[in-house]
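Take a look at the structure below.
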Amino acid sequence: MRIAQRGNPLIDLKSTSLFEMVNCQKVKVINTKIAYCGLYCGACKIFMATAENDLEDIAVRTKIPVEYLACDGCRSGKINLCCRNCGIRRCCVSKKINACNECEEFPCSVLTAFNNDEYPHHNDAIESLQQLSEMGQDEWLKMKIRQWSCENCHTPFQWYEKICENCGMKVSGYKEIN
Ligand code: SF4
Ligand code: SF4
Ligand SMILES: [Zn+2]
């Protein structure tokens with residue numbers, strides 16, 4: 001059970017405006033919820049559990065210690081071990097770009113394979129990056145917050161949730177993988 005209720009997403013957007021400068025050459029600031037690959041970290045179960053100091057259950061289930069699981073987002077100072085070693089993330093960092101949409105090879109075969117793999121939350125990564133180019137990060141974040149918040153009570157929900165944990169309303173997370 002969740003120990004602290006997540007706040008209003010609009011307030012949440014404000015609080016995440018503690019932007020991190022990831023590319024000093026371009027002097028461009030990017031929100032830590034925008035992953036290099038186009039995922040919206042704000043709807044990631046690990047991200048939410050870290051924010052709520054509620055990683056113990058996942059650690060027991062996955063047998064991965066909390067310190068390796070914990071994550072504040074793909075470009076934060078605290079990154080989940082798996083995403084820390086992500087080749088797409090490393091590729092963007094090495095190219096000194098803010099995300100794959102800025103790459104001249106976009107969408108390369110690695111990103112395309114990631115987009116088309118068995119994990120449903122990867123399957124709109126390329127579309128999401130195209131939207132990031134078209135909309136800019138502020139509008140993109142507003143869109144993602146709307147998409148990943150309960151229509152009824154505005155509580156954020158994670159990628160694979162089906163029911164809002166706050167009000168019980170049906171929400172449209174990705175279909176679970178079997
Ligand atoms: S675990 Fe990965 S997808 Fe989840 S918040 Fe961290 S970087 Fe983003
Ligand atoms: S080469 Fe591919 S993975 Fe690397 S930054 Fe470009 S699009 Fe992203
Ligand atoms: Zn709700």
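Letters for chains follow the order of the structure tokens (A, B, ...), residue numbers begin at 1 for each chain, and ligand numbers begin at 1 in the order shown.
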Would you please extract all helix (DSSP H, G or I) residues from chain A, as assigned by DSSP on the backbone, and give them as an NGL selection string?
:A and (9-15 or 41-43 or 45-51 or 56-62 or 66-69 or 81-84 or 87-95 or 100-102 or 109-115 or 120-122 or 125-135 or 137-147)
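Environment of ligand 1, defined as every protein or nucleic acid residue with an atom within 6 Å of it and counting only C-alpha atoms and all ligand atoms, comprises Cys41, Cys44, Ile46, Phe47, Cys71, Asp72, Gly73, Cys74, Ile79, Asn80 and Cys83 of chain A.
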Within 7 Å of ligand 2 (counting only C-alpha atoms and all ligand atoms), which residues show up? I'd like them as a list in words.
Cys37, Ile88, Cys91, Cys92, Lys95, Ala99, Cys100, Asn101, Cys103, Glu104, Glu105, Phe106, Pro107, Cys108, Ser109, Val110 and Leu111 of chain A
Can you write out as CSV which residues of chain A fall within 8 Å of ligand 3, alongside each residue's closest atom pair and its distance in Å to one decimal, counting only C-alpha atoms and all ligand atoms and ordering rows by chain and ascending residue number?
```
residue,atom,partner,partner_atom_place_in_ligand_line,distance
A:Ser149,CA,ligand 3,1 (Zn),7.7
A:Cys150,CA,ligand 3,1 (Zn),4.6
A:Glu151,CA,ligand 3,1 (Zn),6.6
A:Asn152,CA,ligand 3,1 (Zn),5.0
A:Cys153,CA,ligand 3,1 (Zn),4.1
A:His154,CA,ligand 3,1 (Zn),5.9
A:Thr155,CA,ligand 3,1 (Zn),5.5
A:Ile163,CA,ligand 3,1 (Zn),7.9
A:Cys164,CA,ligand 3,1 (Zn),4.6
A:Glu165,CA,ligand 3,1 (Zn),6.6
A:Asn166,CA,ligand 3,1 (Zn),5.0
A:Cys167,CA,ligand 3,1 (Zn),4.1
A:Gly168,CA,ligand 3,1 (Zn),6.0
A:Met169,CA,ligand 3,1 (Zn),5.4
```
Residues from the last selection, N, CA and C atoms, saved as a PDB file, in the first residue's frame:
```pdb
ATOM      1  N   SER A 149      -2.256  10.793 -15.733  1.00  0.00           N
ATOM      2  CA  SER A 149      -2.987  11.168 -14.514  1.00  0.00           C
ATOM      3  C   SER A 149      -4.445  10.741 -14.672  1.00  0.00           C
ATOM      4  N   CYS A 150      -5.032  10.330 -13.570  1.00  0.00           N
ATOM      5  CA  CYS A 150      -6.440   9.909 -13.574  1.00  0.00           C
ATOM      6  C   CYS A 150      -7.326  11.072 -14.041  1.00  0.00           C
ATOM      7  N   GLU A 151      -8.219  10.781 -14.990  1.00  0.00           N
ATOM      8  CA  GLU A 151      -9.112  11.837 -15.492  1.00  0.00           C
ATOM      9  C   GLU A 151     -10.039  12.337 -14.410  1.00  0.00           C
ATOM     10  N   ASN A 152     -10.344  11.482 -13.457  1.00  0.00           N
ATOM     11  CA  ASN A 152     -11.311  11.842 -12.424  1.00  0.00           C
ATOM     12  C   ASN A 152     -10.702  12.653 -11.288  1.00  0.00           C
ATOM     13  N   CYS A 153      -9.561  12.209 -10.743  1.00  0.00           N
ATOM     14  CA  CYS A 153      -9.030  12.872  -9.535  1.00  0.00           C
ATOM     15  C   CYS A 153      -7.617  13.436  -9.748  1.00  0.00           C
ATOM     16  N   HIS A 154      -7.064  13.238 -10.947  1.00  0.00           N
ATOM     17  CA  HIS A 154      -5.751  13.800 -11.331  1.00  0.00           C
ATOM     18  C   HIS A 154      -4.560  13.178 -10.607  1.00  0.00           C
ATOM     19  N   THR A 155      -4.789  12.064  -9.930  1.00  0.00           N
ATOM     20  CA  THR A 155      -3.649  11.374  -9.309  1.00  0.00           C
ATOM     21  C   THR A 155      -2.815  10.696 -10.404  1.00  0.00           C
ATOM     22  N   ILE A 163      -6.243   0.699 -12.640  1.00  0.00           N
ATOM     23  CA  ILE A 163      -7.219   1.369 -11.777  1.00  0.00           C
ATOM     24  C   ILE A 163      -6.504   2.464 -10.997  1.00  0.00           C
ATOM     25  N   CYS A 164      -7.120   3.615 -10.903  1.00  0.00           N
ATOM     26  CA  CYS A 164      -6.545   4.697 -10.092  1.00  0.00           C
ATOM     27  C   CYS A 164      -6.546   4.275  -8.627  1.00  0.00           C
ATOM     28  N   GLU A 165      -5.398   4.315  -8.009  1.00  0.00           N
ATOM     29  CA  GLU A 165      -5.295   3.854  -6.613  1.00  0.00           C
ATOM     30  C   GLU A 165      -5.985   4.819  -5.657  1.00  0.00           C
ATOM     31  N   ASN A 166      -6.238   6.023  -6.103  1.00  0.00           N
ATOM     32  CA  ASN A 166      -6.870   7.014  -5.227  1.00  0.00           C
ATOM     33  C   ASN A 166      -8.392   6.934  -5.277  1.00  0.00           C
ATOM     34  N   CYS A 167      -8.972   6.912  -6.481  1.00  0.00           N
ATOM     35  CA  CYS A 167     -10.443   6.972  -6.582  1.00  0.00           C
ATOM     36  C   CYS A 167     -11.052   5.706  -7.163  1.00  0.00           C
ATOM     37  N   GLY A 168     -10.238   4.792  -7.663  1.00  0.00           N
ATOM     38  CA  GLY A 168     -10.768   3.526  -8.181  1.00  0.00           C
ATOM     39  C   GLY A 168     -11.253   3.594  -9.613  1.00  0.00           C
ATOM     40  N   MET A 169     -11.129   4.742 -10.243  1.00  0.00           N
ATOM     41  CA  MET A 169     -11.548   4.900 -11.641  1.00  0.00           C
ATOM     42  C   MET A 169     -10.611   4.111 -12.567  1.00  0.00           C
TER      43      MET A 169
END
```
Residue nearest Gln137 of chain A among A:Asn116, A:Val93, A:Gly87, A:Asn98 (counting only C-alpha atoms)
A:Asn98
Would you return as a PyMOL selection string the members of chain A that DSSP assigns to strand (DSSP E) on this structure's backbone?
chain A and resi 20-23+28-30
Minimum-distance residue to Thr50 of chain A, chosen among A:Asn31, A:Tyr36, A:Tyr68, A:Lys63 (using only C-alpha atoms):
A:Tyr68
For atom CA of Leu141 of chain A and atom CA of Glu52 of chain A, determine how far apart the two atoms are, in Å to one decimal place.
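Separating atom CA of Leu141 of chain A from atom CA of Glu52 of chain A is a distance of 20.6 Å.
Our summary of the geometry notes that atom CA of Ser128 of chain A is positioned 20.3 Å from atom CA of Met48 of chain A.
Between atom CA of Lys144 of chain A and atom CA of Pro120 of chain A lies a distance of 16.0 Å.
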